[in-house]
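Visitor: Input: one structure, supplied below.
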Amino acid sequence: MSDSTEVVEAVRKLLPALRDRAQQAEDGRKIPAESIAELQDAGFFKLLQPQRHGGYEADPVEFYTAVKLIASACGSTGWVASILGVHPWHLALFPQQAQEDVWGSDDNTRISSSYAPMGKATVVDGGYRLSGKWSFSSGCDHASWVFVGGPALDGDGKMVDFCTYLLPLGDYAINDVWDTVGLRGTGSNDIVVDDVFVPSHRALSFMSMSKTDCPGHQVNTAPLYRLPWGTVHPSTITAPIIGMAQGAYDAHVEHQAKRVRAAYAGEQAKDDPFAKVRIAEAASEIDAAWLQLSTNIADELALLKAGEEVPMSLRLKARRDQVRGTARAISAVDRLFENSGGRALQAGTPIQRFWRDAHAGRVHAANDAERAYTMFGSGEFGLPVKDSMV
């Protein structure tokens with residue numbers, strides 16, 4: 001692909017095939033290899049990758065637009081695509097040597113992740129000794145490296161930092177444990193690490209990311225890479241959920257257009273004025289969720305392009321609207337599902353799958369609404385905000 005706009009259009013052309021494989025993804029508990037290959041051929045996974053490593057350095061709104069499209073066809077595929085697709089942006093913040101380790105011989109290399117602090121590292125000469133078991137590494141079967149999060153401890157067991165650690169396949173094992181009621185196709189299995197050495201250049205402090213002052217900024221100078229972690233990562237979670245809501249909406253409208261309501265003397269659902277009201281309400285919620293999410297990201301990028309910093313007020317607003325976007329998408333999906341009739345309950349129908357997938361995505365830590373709202377409120381009152389996810 002010659003530019004990122006063409007990548008988004010190429011993704012759009014894949015939607016029928018991704019939609020046809022949605023049940024296959026669910027039944028197999030991971031994304032079909034054909035879908036990953038098609039997304040790679042379309043250039044999707046390189047949208048946020050540095051140009052110096054064969055990527056597009058695309059406008060992040062284009063990336064999230066592509067994610068939303070993919071998730072509207074298959075929630076699990078959209079979820080995995082979003083997470084694997086954002087990791088080139090994260091790797092670009094690491095020291096140059098880490099980027100060479102991953103992309104030096106193959107710039108199509110993919111990375112999965114599990115950022116929650118489910119393991120720990122001990123500082124040693126030249127790096128860290130790392131052990132632990134991390135859950136929920138979406139798409140790990142389609143990656144050959146992984147990001148994991150955890151505290152860094154000194155020799156006395158005192159925490160001296162909190163980092164993301166980058167490991168190649170071979171330094172970790174994958175335990176196949178993913179069996180859930182929603183997002184079944186994401187293959188979000190466990191990552192197990194047993195006393196592995198991680199060189200210092202493959203660790204990145206969350207404090208550096210929070211301050212948007214990372215080693216990778218020395219070589220990746222585009223404004224894209226100075227976006228706040230607390231905007232980019234949570235948006236990576238909400239964008240596919242908005243896409244799932246759009247997929248549920250499309251499936252609902254198609255279903256209602258053909259539905260005859262036997263309980264109401266053969267009335268056609270499309271003639272029911274209340275059905276039209278529900279559709280309008282759901283459509284507005286989905287549009288509002290996307291408008292706020294995309295506008296905040298665009299506003300942050302515009303400031304960075306102008307040589308300005310992203311103020312805390314905008315970072316907090318982006319987090320507020322990100323969790324609100326998830327809530328709006330869930331509300332829309334619920335409204336549509338509740339009014340789709342009994343046949344929508346059948347296994348294999350897209351509406352019930354989108355409903356389960358969206359609710360599964362809602363439980364991600366990035367969607368902790370009260371936490372984000374509290375941070376925003378603290379900011380409005382002029383109180384300090386000490387959270388890395390902003």
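Here, A, B, ... name the chains of the structure tokens in the order displayed, residue numbers run from 1 inside each chain, and ligands are numbered from 1 in the same displayed order.
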Please provide as a list of chain:residue names all residues within 9 Å of region 124-133 of chain A, with the sequence filter that same-chain residues fewer than 3 positions apart are discarded (counting only C-alpha atoms).

Guide: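 Skipping anything fewer than 3 positions along the chain leaves A:Met118, A:Gly119, A:Lys120, A:Ala121, A:Gly150, A:Ala152, A:Asp154, A:Gly155, A:Tyr165, A:Asp190, A:Ile191, A:Val192, A:Val193, A:Asp194, A:Asp195, A:Val196, A:Phe197, A:Val198, A:Pro199, A:Ser200, A:His201, A:Arg202, A:Ala203.
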
Visitor: Print the selection's residues with C-alpha atoms to a file, as an mmCIF file, in the first residue's frame.

Guide:
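Saved to result22.cif:
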```
data_model
loop_
_atom_site.group_PDB
_atom_site.id
_atom_site.type_symbol
_atom_site.label_atom_id
_atom_site.label_comp_id
_atom_site.auth_asym_id
_atom_site.auth_seq_id
_atom_site.Cartn_x
_atom_site.Cartn_y
_atom_site.Cartn_z
ATOM 1 C CA MET A 118 1.254 -10.236 37.370
ATOM 2 C CA GLY A 119 5.000 -10.896 37.662
ATOM 3 C CA LYS A 120 8.084 -9.165 38.972
ATOM 4 C CA ALA A 121 11.643 -8.407 37.935
ATOM 5 C CA GLY A 150 5.574 -5.552 36.447
ATOM 6 C CA ALA A 152 11.351 -3.799 39.216
ATOM 7 C CA ASP A 154 16.309 -4.113 43.981
ATOM 8 C CA GLY A 155 18.316 -6.765 45.799
ATOM 9 C CA TYR A 165 9.429 -5.804 29.582
ATOM 10 C CA ASP A 190 -1.593 -16.890 29.653
ATOM 11 C CA ILE A 191 2.069 -15.924 29.259
ATOM 12 C CA VAL A 192 4.476 -17.777 31.569
ATOM 13 C CA VAL A 193 8.038 -16.604 32.247
ATOM 14 C CA ASP A 194 10.447 -18.536 34.458
ATOM 15 C CA ASP A 195 13.543 -16.622 35.606
ATOM 16 C CA VAL A 196 14.501 -15.077 32.257
ATOM 17 C CA PHE A 197 17.140 -12.384 31.740
ATOM 18 C CA VAL A 198 15.810 -9.209 30.091
ATOM 19 C CA PRO A 199 18.503 -6.779 28.917
ATOM 20 C CA SER A 200 18.026 -3.197 30.075
ATOM 21 C CA HIS A 201 17.244 -1.912 26.560
ATOM 22 C CA ARG A 202 14.172 -4.175 26.484
ATOM 23 C CA ALA A 203 12.546 -2.491 29.488
#
```

Visitor: What's around region 225-232 of chain A at 6 Å? Count only C-alpha atoms, leave out sequence neighbours fewer than 2 positions away in its own chain, and write the answer as an mmCIF file with C-alpha atoms, in the first residue's frame.

Guide:
```cif
data_model
loop_
_atom_site.group_PDB
_atom_site.id
_atom_site.type_symbol
_atom_site.label_atom_id
_atom_site.label_comp_id
_atom_site.auth_asym_id
_atom_site.auth_seq_id
_atom_site.Cartn_x
_atom_site.Cartn_y
_atom_site.Cartn_z
ATOM 1 C CA THR A 212 6.117 11.299 27.346
ATOM 2 C CA ALA A 222 7.027 12.301 14.746
ATOM 3 C CA PRO A 223 4.290 13.894 16.910
ATOM 4 C CA PRO A 234 -7.350 3.028 26.548
ATOM 5 C CA SER A 235 -8.584 4.166 23.118
ATOM 6 C CA MET A 389 -3.312 5.729 32.843
ATOM 7 C CA VAL A 390 -3.827 9.340 31.802
#
```

Visitor: How close does each residue of region 228-251 of chain A get to region 54-64 of chain A, giving the shortest atom pair and distance in Å to one decimal for every residue with an atom at most 10 Å away, counting only C-alpha atoms, sorted by chain and residue number, as a Markdown table?

Guide:
```
| residue | atom | partner | partner_atom | distance |
| --- | --- | --- | --- | --- |
| A:Val232 | CA | A:Pro60 | CA | 8.5 |
| A:Ser235 | CA | A:Tyr64 | CA | 8.0 |
| A:Thr236 | CA | A:Tyr64 | CA | 7.3 |
| A:Ile237 | CA | A:Tyr64 | CA | 10.0 |
| A:Thr238 | CA | A:Tyr64 | CA | 9.4 |
| A:Ala239 | CA | A:Tyr64 | CA | 6.0 |
| A:Pro240 | CA | A:Tyr64 | CA | 8.1 |
| A:Gly243 | CA | A:Tyr64 | CA | 9.5 |
```

Visitor: With all heavy atoms retained, write the just-selected residues as a PDB file, in the first residue's frame.

Guide:
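File produced: selection-v8.pdb:
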```
ATOM      1  N   VAL A 232      -3.665   6.732  24.226  1.00  0.00           N
ATOM      2  CA  VAL A 232      -3.507   5.740  23.159  1.00  0.00           C
ATOM      3  C   VAL A 232      -3.964   4.351  23.592  1.00  0.00           C
ATOM      4  O   VAL A 232      -4.749   3.690  22.907  1.00  0.00           O
ATOM      5  CB  VAL A 232      -2.043   5.700  22.678  1.00  0.00           C
ATOM      6  CG1 VAL A 232      -1.829   4.553  21.686  1.00  0.00           C
ATOM      7  CG2 VAL A 232      -1.664   7.024  22.026  1.00  0.00           C
ATOM      8  N   SER A 235      -7.820   4.034  24.368  1.00  0.00           N
ATOM      9  CA  SER A 235      -8.584   4.166  23.118  1.00  0.00           C
ATOM     10  C   SER A 235      -8.501   2.894  22.291  1.00  0.00           C
ATOM     11  O   SER A 235      -9.429   2.565  21.537  1.00  0.00           O
ATOM     12  CB  SER A 235      -8.063   5.359  22.302  1.00  0.00           C
ATOM     13  OG  SER A 235      -8.260   6.568  23.009  1.00  0.00           O
ATOM     14  N   THR A 236      -7.393   2.170  22.444  1.00  0.00           N
ATOM     15  CA  THR A 236      -7.219   0.892  21.757  1.00  0.00           C
ATOM     16  C   THR A 236      -8.246  -0.134  22.232  1.00  0.00           C
ATOM     17  O   THR A 236      -8.593  -1.065  21.495  1.00  0.00           O
ATOM     18  CB  THR A 236      -5.790   0.371  22.003  1.00  0.00           C
ATOM     19  OG1 THR A 236      -4.860   1.322  21.481  1.00  0.00           O
ATOM     20  CG2 THR A 236      -5.552  -0.970  21.343  1.00  0.00           C
ATOM     21  N   ILE A 237      -8.736   0.041  23.447  1.00  0.00           N
ATOM     22  CA  ILE A 237      -9.744  -0.848  24.005  1.00  0.00           C
ATOM     23  C   ILE A 237     -11.155  -0.400  23.616  1.00  0.00           C
ATOM     24  O   ILE A 237     -12.024  -1.221  23.290  1.00  0.00           O
ATOM     25  CB  ILE A 237      -9.605  -0.902  25.541  1.00  0.00           C
ATOM     26  CG1 ILE A 237      -8.220  -1.436  25.938  1.00  0.00           C
ATOM     27  CG2 ILE A 237     -10.716  -1.724  26.164  1.00  0.00           C
ATOM     28  CD1 ILE A 237      -7.872  -2.779  25.339  1.00  0.00           C
ATOM     29  N   THR A 238     -11.390   0.905  23.618  1.00  0.00           N
ATOM     30  CA  THR A 238     -12.743   1.408  23.336  1.00  0.00           C
ATOM     31  C   THR A 238     -13.090   1.376  21.855  1.00  0.00           C
ATOM     32  O   THR A 238     -14.240   1.087  21.491  1.00  0.00           O
ATOM     33  CB  THR A 238     -12.896   2.835  23.896  1.00  0.00           C
ATOM     34  OG1 THR A 238     -12.842   2.775  25.319  1.00  0.00           O
ATOM     35  CG2 THR A 238     -14.216   3.460  23.487  1.00  0.00           C
ATOM     36  N   ALA A 239     -12.128   1.657  20.983  1.00  0.00           N
ATOM     37  CA  ALA A 239     -12.426   1.694  19.543  1.00  0.00           C
ATOM     38  C   ALA A 239     -13.066   0.403  19.035  1.00  0.00           C
ATOM     39  O   ALA A 239     -14.066   0.452  18.301  1.00  0.00           O
ATOM     40  CB  ALA A 239     -11.165   2.031  18.747  1.00  0.00           C
ATOM     41  N   PRO A 240     -12.546  -0.787  19.385  1.00  0.00           N
ATOM     42  CA  PRO A 240     -13.226  -1.998  18.905  1.00  0.00           C
ATOM     43  C   PRO A 240     -14.614  -2.188  19.512  1.00  0.00           C
ATOM     44  O   PRO A 240     -15.496  -2.756  18.864  1.00  0.00           O
ATOM     45  CB  PRO A 240     -12.277  -3.131  19.301  1.00  0.00           C
ATOM     46  CG  PRO A 240     -11.401  -2.577  20.351  1.00  0.00           C
ATOM     47  CD  PRO A 240     -11.279  -1.116  20.060  1.00  0.00           C
ATOM     48  N   GLY A 243     -16.872  -0.318  17.494  1.00  0.00           N
ATOM     49  CA  GLY A 243     -17.075  -1.088  16.268  1.00  0.00           C
ATOM     50  C   GLY A 243     -18.053  -2.223  16.459  1.00  0.00           C
ATOM     51  O   GLY A 243     -18.890  -2.500  15.584  1.00  0.00           O
TER      52      GLY A 243
END
```

Visitor: Which polymer residues have any atom within 10 Å of an atom of Val146 (chain A), counting only C-alpha atoms, with same-chain residues fewer than 5 positions away left out, as a ChimeraX atom specification?

Guide: /A:87,110-115,137,140,164-169,171-172,191

Visitor: Could you dump the residues just selected with N, CA, C and O atoms as an mmCIF file, in the first residue's frame?

Guide:
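To be explicit, this is the file written out as out06.cif:
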```cif
data_model
loop_
_atom_site.group_PDB
_atom_site.id
_atom_site.type_symbol
_atom_site.label_atom_id
_atom_site.label_comp_id
_atom_site.auth_asym_id
_atom_site.auth_seq_id
_atom_site.Cartn_x
_atom_site.Cartn_y
_atom_site.Cartn_z
ATOM 1 N N HIS A 87 0.852 -2.042 19.224
ATOM 2 C CA HIS A 87 2.157 -2.359 19.802
ATOM 3 C C HIS A 87 3.344 -1.790 19.018
ATOM 4 O O HIS A 87 4.379 -1.486 19.647
ATOM 5 N N ARG A 110 5.182 -9.280 14.889
ATOM 6 C CA ARG A 110 4.092 -8.811 15.750
ATOM 7 C C ARG A 110 4.383 -9.111 17.221
ATOM 8 O O ARG A 110 5.072 -10.078 17.544
ATOM 9 N N ILE A 111 3.791 -8.274 18.087
ATOM 10 C CA ILE A 111 3.994 -8.365 19.532
ATOM 11 C C ILE A 111 2.620 -8.436 20.196
ATOM 12 O O ILE A 111 1.727 -7.656 19.870
ATOM 13 N N SER A 112 2.447 -9.349 21.148
ATOM 14 C CA SER A 112 1.241 -9.354 21.977
ATOM 15 C C SER A 112 1.595 -8.707 23.316
ATOM 16 O O SER A 112 2.702 -8.176 23.492
ATOM 17 N N SER A 113 0.671 -8.739 24.284
ATOM 18 C CA SER A 113 0.956 -8.055 25.546
ATOM 19 C C SER A 113 0.086 -8.585 26.680
ATOM 20 O O SER A 113 -0.964 -9.190 26.465
ATOM 21 N N SER A 114 0.547 -8.297 27.892
ATOM 22 C CA SER A 114 -0.248 -8.401 29.107
ATOM 23 C C SER A 114 0.414 -7.450 30.096
ATOM 24 O O SER A 114 1.434 -7.779 30.708
ATOM 25 N N TYR A 115 -0.157 -6.252 30.218
ATOM 26 C CA TYR A 115 0.518 -5.177 30.945
ATOM 27 C C TYR A 115 0.297 -5.221 32.456
ATOM 28 O O TYR A 115 1.031 -4.587 33.208
ATOM 29 N N SER A 137 -3.418 -12.329 27.251
ATOM 30 C CA SER A 137 -2.564 -11.828 26.166
ATOM 31 C C SER A 137 -3.248 -12.094 24.826
ATOM 32 O O SER A 137 -2.992 -13.095 24.153
ATOM 33 N N CYS A 140 -1.915 -13.744 21.203
ATOM 34 C CA CYS A 140 -0.531 -14.173 21.426
ATOM 35 C C CYS A 140 -0.093 -15.279 20.467
ATOM 36 O O CYS A 140 1.103 -15.416 20.182
ATOM 37 N N THR A 164 7.488 -1.972 31.498
ATOM 38 C CA THR A 164 7.078 -2.943 30.491
ATOM 39 C C THR A 164 8.337 -3.661 30.036
ATOM 40 O O THR A 164 9.347 -3.017 29.720
ATOM 41 N N TYR A 165 8.294 -4.995 29.993
ATOM 42 C CA TYR A 165 9.429 -5.804 29.582
ATOM 43 C C TYR A 165 9.099 -6.465 28.238
ATOM 44 O O TYR A 165 7.980 -6.945 28.031
ATOM 45 N N LEU A 166 10.073 -6.505 27.356
ATOM 46 C CA LEU A 166 9.905 -7.045 26.007
ATOM 47 C C LEU A 166 10.678 -8.351 25.897
ATOM 48 O O LEU A 166 11.889 -8.384 26.118
ATOM 49 N N LEU A 167 9.954 -9.438 25.554
ATOM 50 C CA LEU A 167 10.577 -10.766 25.487
ATOM 51 C C LEU A 167 10.265 -11.442 24.152
ATOM 52 O O LEU A 167 9.145 -11.331 23.638
ATOM 53 N N PRO A 168 11.236 -12.199 23.623
ATOM 54 C CA PRO A 168 10.988 -12.983 22.413
ATOM 55 C C PRO A 168 10.382 -14.336 22.749
ATOM 56 O O PRO A 168 10.590 -14.872 23.847
ATOM 57 N N LEU A 169 9.640 -14.892 21.798
ATOM 58 C CA LEU A 169 9.129 -16.247 21.959
ATOM 59 C C LEU A 169 10.315 -17.184 22.154
ATOM 60 O O LEU A 169 11.306 -17.123 21.429
ATOM 61 N N ASP A 171 11.578 -17.198 25.297
ATOM 62 C CA ASP A 171 11.772 -16.755 26.681
ATOM 63 C C ASP A 171 10.468 -16.820 27.462
ATOM 64 O O ASP A 171 10.445 -16.543 28.660
ATOM 65 N N TYR A 172 9.392 -17.175 26.792
ATOM 66 C CA TYR A 172 8.106 -17.317 27.470
ATOM 67 C C TYR A 172 7.334 -18.468 26.840
ATOM 68 O O TYR A 172 7.578 -18.867 25.694
ATOM 69 N N ILE A 191 0.645 -15.974 29.563
ATOM 70 C CA ILE A 191 2.069 -15.924 29.259
ATOM 71 C C ILE A 191 2.828 -16.309 30.523
ATOM 72 O O ILE A 191 2.600 -15.750 31.594
#
```

Visitor: Run DSSP on the backbone and grab whatever in region 160-366 of chain A lands in helix (DSSP H, G or I); send it over as an MDAnalysis selection string.

Guide: chainID A and resid 184:186 200:202 206:210 215:218 223:226 229:258 262:264 269:271 273:305 312:338 342:345 350:362 365:366

Visitor: Can I get the selection written as a CSV table (one decimal), in the first residue's frame, with C-alpha atoms?

Guide:
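Wrote it out as again.csv, contents follow:
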```csv
chain,number,residue,atom,x,y,z
A,184,ARG,CA,-14.0,-16.1,22.6
A,185,GLY,CA,-12.0,-15.7,19.4
A,186,THR,CA,-9.3,-13.5,20.8
A,200,SER,CA,18.0,-3.2,30.1
A,201,HIS,CA,17.2,-1.9,26.6
A,202,ARG,CA,14.2,-4.2,26.5
A,206,PHE,CA,5.9,3.6,32.9
A,207,MET,CA,7.2,6.8,34.5
A,208,SER,CA,8.9,7.7,31.2
A,209,MET,CA,5.7,7.0,29.3
A,210,SER,CA,3.6,9.0,31.7
A,215,PRO,CA,14.4,6.7,24.7
A,216,GLY,CA,12.6,6.0,21.4
A,217,HIS,CA,11.8,9.7,21.0
A,218,GLN,CA,15.5,10.3,20.1
A,223,PRO,CA,4.3,13.9,16.9
A,224,LEU,CA,2.5,10.6,16.8
A,225,TYR,CA,4.9,9.1,19.3
A,226,ARG,CA,4.5,11.9,21.8
A,229,TRP,CA,0.1,6.5,26.8
A,230,GLY,CA,-3.1,7.2,28.8
A,231,THR,CA,-4.9,8.2,25.7
A,232,VAL,CA,-3.5,5.7,23.2
A,233,HIS,CA,-3.8,2.5,25.2
A,234,PRO,CA,-7.4,3.0,26.5
A,235,SER,CA,-8.6,4.2,23.1
A,236,THR,CA,-7.2,0.9,21.8
A,237,ILE,CA,-9.7,-0.8,24.0
A,238,THR,CA,-12.7,1.4,23.3
A,239,ALA,CA,-12.4,1.7,19.5
A,240,PRO,CA,-13.2,-2.0,18.9
A,241,ILE,CA,-16.2,-1.9,21.4
A,242,ILE,CA,-17.6,1.0,19.4
A,243,GLY,CA,-17.1,-1.1,16.3
A,244,MET,CA,-18.9,-4.0,17.9
A,245,ALA,CA,-21.8,-1.6,18.6
A,246,GLN,CA,-21.8,-0.6,15.0
A,247,GLY,CA,-21.9,-4.2,13.9
A,248,ALA,CA,-24.8,-5.0,16.3
A,249,TYR,CA,-26.6,-1.9,14.9
A,250,ASP,CA,-26.1,-3.1,11.3
A,251,ALA,CA,-27.2,-6.6,12.1
A,252,HIS,CA,-30.3,-5.3,14.1
A,253,VAL,CA,-31.5,-3.0,11.3
A,254,GLU,CA,-31.1,-5.8,8.7
A,255,HIS,CA,-32.9,-8.2,11.0
A,256,GLN,CA,-35.8,-5.8,11.9
A,257,ALA,CA,-36.3,-4.9,8.2
A,258,LYS,CA,-37.4,-8.6,7.6
A,262,ALA,CA,-46.2,-13.1,15.3
A,263,ALA,CA,-47.3,-12.0,18.8
A,264,TYR,CA,-48.7,-8.8,17.3
A,269,ALA,CA,-41.2,-4.7,12.9
A,270,LYS,CA,-40.1,-2.0,10.5
A,271,ASP,CA,-43.6,-0.5,10.8
A,273,PRO,CA,-42.7,3.4,15.6
A,274,PHE,CA,-41.0,2.3,18.8
A,275,ALA,CA,-38.6,0.2,16.8
A,276,LYS,CA,-37.6,3.3,14.9
A,277,VAL,CA,-37.1,5.3,18.1
A,278,ARG,CA,-34.8,2.6,19.5
A,279,ILE,CA,-32.7,2.6,16.3
A,280,ALA,CA,-32.4,6.4,16.4
A,281,GLU,CA,-31.3,6.3,20.1
A,282,ALA,CA,-28.7,3.6,19.5
A,283,ALA,CA,-27.3,5.3,16.4
A,284,SER,CA,-26.9,8.5,18.3
A,285,GLU,CA,-25.0,6.8,21.1
A,286,ILE,CA,-22.6,5.1,18.7
A,287,ASP,CA,-22.0,8.3,16.8
A,288,ALA,CA,-21.4,10.3,20.0
A,289,ALA,CA,-19.0,7.7,21.3
A,290,TRP,CA,-16.9,7.8,18.2
A,291,LEU,CA,-17.1,11.6,17.7
A,292,GLN,CA,-15.7,12.3,21.2
A,293,LEU,CA,-13.0,9.6,21.0
A,294,SER,CA,-11.7,10.6,17.6
A,295,THR,CA,-11.9,14.4,18.3
A,296,ASN,CA,-9.9,14.2,21.4
A,297,ILE,CA,-7.1,12.2,19.7
A,298,ALA,CA,-7.2,14.7,16.8
A,299,ASP,CA,-6.9,17.6,19.2
A,300,GLU,CA,-4.0,16.1,21.0
A,301,LEU,CA,-2.1,15.4,17.8
A,302,ALA,CA,-2.8,18.9,16.5
A,303,LEU,CA,-1.2,20.4,19.6
A,304,LEU,CA,1.9,18.1,19.2
A,305,LYS,CA,2.2,19.0,15.5
A,312,MET,CA,-3.4,17.5,31.6
A,313,SER,CA,-6.9,18.9,31.1
A,314,LEU,CA,-7.1,17.4,27.6
A,315,ARG,CA,-5.5,14.1,28.8
A,316,LEU,CA,-8.2,13.8,31.5
A,317,LYS,CA,-10.9,14.8,29.0
A,318,ALA,CA,-9.7,12.1,26.6
A,319,ARG,CA,-9.9,9.5,29.4
A,320,ARG,CA,-13.3,10.7,30.5
A,321,ASP,CA,-14.7,10.4,27.0
A,322,GLN,CA,-13.0,7.1,26.3
A,323,VAL,CA,-14.7,5.4,29.2
A,324,ARG,CA,-17.9,7.2,28.4
A,325,GLY,CA,-17.5,6.0,24.8
A,326,THR,CA,-17.4,2.4,26.0
A,327,ALA,CA,-20.5,3.0,28.2
A,328,ARG,CA,-22.4,4.6,25.2
A,329,ALA,CA,-21.5,1.7,23.0
A,330,ILE,CA,-22.6,-0.9,25.6
A,331,SER,CA,-25.9,1.0,26.1
A,332,ALA,CA,-26.6,1.0,22.3
A,333,VAL,CA,-25.8,-2.8,22.1
A,334,ASP,CA,-28.1,-3.5,25.0
A,335,ARG,CA,-30.9,-1.4,23.6
A,336,LEU,CA,-30.7,-3.2,20.2
A,337,PHE,CA,-30.3,-6.7,21.6
A,338,GLU,CA,-33.2,-6.3,24.0
A,342,GLY,CA,-36.3,-14.3,20.5
A,343,ARG,CA,-34.6,-15.5,17.3
A,344,ALA,CA,-31.6,-13.2,18.0
A,345,LEU,CA,-30.8,-15.5,20.9
A,350,PRO,CA,-24.4,-11.9,14.9
A,351,ILE,CA,-26.4,-9.8,17.4
A,352,GLN,CA,-25.9,-12.1,20.4
A,353,ARG,CA,-22.3,-12.5,19.5
A,354,PHE,CA,-21.7,-8.7,19.4
A,355,TRP,CA,-23.6,-8.4,22.7
A,356,ARG,CA,-21.4,-10.9,24.4
A,357,ASP,CA,-18.2,-9.5,22.9
A,358,ALA,CA,-19.0,-5.9,23.8
A,359,HIS,CA,-19.7,-6.9,27.4
A,360,ALA,CA,-16.6,-8.9,27.6
A,361,GLY,CA,-14.6,-5.9,26.4
A,362,ARG,CA,-16.2,-3.7,29.0
A,365,ALA,CA,-9.3,-2.3,33.3
A,366,ALA,CA,-9.1,0.6,30.8
```

Visitor: Find the spatial neighbours of region 5-22 of chain A, counting only C-alpha atoms, within a cut-off of 8 Å - ignore same-chain residues fewer than 4 positions away - and output them as a ChimeraX atom specification.

Guide: /A:1,26,32,35,38-39,42-44,47,62-63,65-66,69-70,73-77

Visitor: Print the selection's residues with N, CA and C atoms to a file, as a PDB file, in the first residue's frame.

Guide:
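To be explicit, this is the file written out as out_9.pdb:
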```pdb
ATOM      1  N   MET A   1       0.840  -1.192   0.000  1.00  0.00           N
ATOM      2  CA  MET A   1       0.000   0.000   0.000  1.00  0.00           C
ATOM      3  C   MET A   1       0.879   1.246   0.000  1.00  0.00           C
ATOM      4  N   GLU A  26     -14.789 -17.703  16.808  1.00  0.00           N
ATOM      5  CA  GLU A  26     -15.381 -18.042  18.100  1.00  0.00           C
ATOM      6  C   GLU A  26     -15.210 -19.530  18.412  1.00  0.00           C
ATOM      7  N   PRO A  32      -8.685 -16.762  12.925  1.00  0.00           N
ATOM      8  CA  PRO A  32      -8.157 -17.603  11.848  1.00  0.00           C
ATOM      9  C   PRO A  32      -6.897 -16.998  11.238  1.00  0.00           C
ATOM     10  N   SER A  35      -7.275 -14.513   8.373  1.00  0.00           N
ATOM     11  CA  SER A  35      -7.659 -13.140   8.695  1.00  0.00           C
ATOM     12  C   SER A  35      -6.443 -12.305   9.068  1.00  0.00           C
ATOM     13  N   GLU A  38      -4.479 -11.604   5.888  1.00  0.00           N
ATOM     14  CA  GLU A  38      -5.116 -10.579   5.051  1.00  0.00           C
ATOM     15  C   GLU A  38      -4.931  -9.182   5.629  1.00  0.00           C
ATOM     16  N   LEU A  39      -5.029  -9.064   6.936  1.00  0.00           N
ATOM     17  CA  LEU A  39      -4.799  -7.760   7.564  1.00  0.00           C
ATOM     18  C   LEU A  39      -3.346  -7.324   7.394  1.00  0.00           C
ATOM     19  N   ALA A  42      -2.863  -6.136   3.893  1.00  0.00           N
ATOM     20  CA  ALA A  42      -3.495  -4.824   3.700  1.00  0.00           C
ATOM     21  C   ALA A  42      -2.654  -3.698   4.276  1.00  0.00           C
ATOM     22  N   GLY A  43      -1.664  -4.046   5.110  1.00  0.00           N
ATOM     23  CA  GLY A  43      -0.815  -3.034   5.731  1.00  0.00           C
ATOM     24  C   GLY A  43      -1.313  -2.559   7.082  1.00  0.00           C
ATOM     25  N   PHE A  44      -2.370  -3.190   7.585  1.00  0.00           N
ATOM     26  CA  PHE A  44      -2.983  -2.707   8.823  1.00  0.00           C
ATOM     27  C   PHE A  44      -2.004  -2.639   9.985  1.00  0.00           C
ATOM     28  N   LEU A  47       0.288   0.494  10.439  1.00  0.00           N
ATOM     29  CA  LEU A  47      -0.239   1.860  10.444  1.00  0.00           C
ATOM     30  C   LEU A  47       0.477   2.752  11.455  1.00  0.00           C
ATOM     31  N   GLU A  62      -6.913   7.363  11.808  1.00  0.00           N
ATOM     32  CA  GLU A  62      -7.034   6.382  10.722  1.00  0.00           C
ATOM     33  C   GLU A  62      -6.901   4.962  11.273  1.00  0.00           C
ATOM     34  N   PHE A  63      -5.968   4.796  12.186  1.00  0.00           N
ATOM     35  CA  PHE A  63      -5.803   3.472  12.798  1.00  0.00           C
ATOM     36  C   PHE A  63      -7.072   3.049  13.517  1.00  0.00           C
ATOM     37  N   THR A  65     -10.058   4.136  13.087  1.00  0.00           N
ATOM     38  CA  THR A  65     -11.128   3.946  12.102  1.00  0.00           C
ATOM     39  C   THR A  65     -11.076   2.535  11.529  1.00  0.00           C
ATOM     40  N   ALA A  66      -9.874   2.080  11.189  1.00  0.00           N
ATOM     41  CA  ALA A  66      -9.709   0.722  10.663  1.00  0.00           C
ATOM     42  C   ALA A  66     -10.115  -0.306  11.713  1.00  0.00           C
ATOM     43  N   LEU A  69     -13.871  -0.528  11.938  1.00  0.00           N
ATOM     44  CA  LEU A  69     -14.404  -1.269  10.795  1.00  0.00           C
ATOM     45  C   LEU A  69     -14.255  -2.774  11.008  1.00  0.00           C
ATOM     46  N   ILE A  70     -13.063  -3.203  11.411  1.00  0.00           N
ATOM     47  CA  ILE A  70     -12.810  -4.631  11.605  1.00  0.00           C
ATOM     48  C   ILE A  70     -13.744  -5.194  12.668  1.00  0.00           C
ATOM     49  N   ALA A  73     -17.273  -6.106  11.817  1.00  0.00           N
ATOM     50  CA  ALA A  73     -17.460  -7.380  11.121  1.00  0.00           C
ATOM     51  C   ALA A  73     -17.316  -8.562  12.067  1.00  0.00           C
ATOM     52  N   CYS A  74     -16.322  -8.478  12.968  1.00  0.00           N
ATOM     53  CA  CYS A  74     -16.074  -9.541  13.943  1.00  0.00           C
ATOM     54  C   CYS A  74     -15.463  -8.900  15.174  1.00  0.00           C
ATOM     55  N   GLY A  75     -16.156  -8.981  16.295  1.00  0.00           N
ATOM     56  CA  GLY A  75     -15.670  -8.341  17.507  1.00  0.00           C
ATOM     57  C   GLY A  75     -14.316  -8.860  17.953  1.00  0.00           C
ATOM     58  N   SER A  76     -14.124 -10.166  17.926  1.00  0.00           N
ATOM     59  CA  SER A  76     -12.851 -10.739  18.357  1.00  0.00           C
ATOM     60  C   SER A  76     -11.707 -10.313  17.456  1.00  0.00           C
ATOM     61  N   THR A  77     -11.947 -10.296  16.149  1.00  0.00           N
ATOM     62  CA  THR A  77     -10.895  -9.887  15.214  1.00  0.00           C
ATOM     63  C   THR A  77     -10.551  -8.417  15.407  1.00  0.00           C
TER      64      THR A  77
END
```
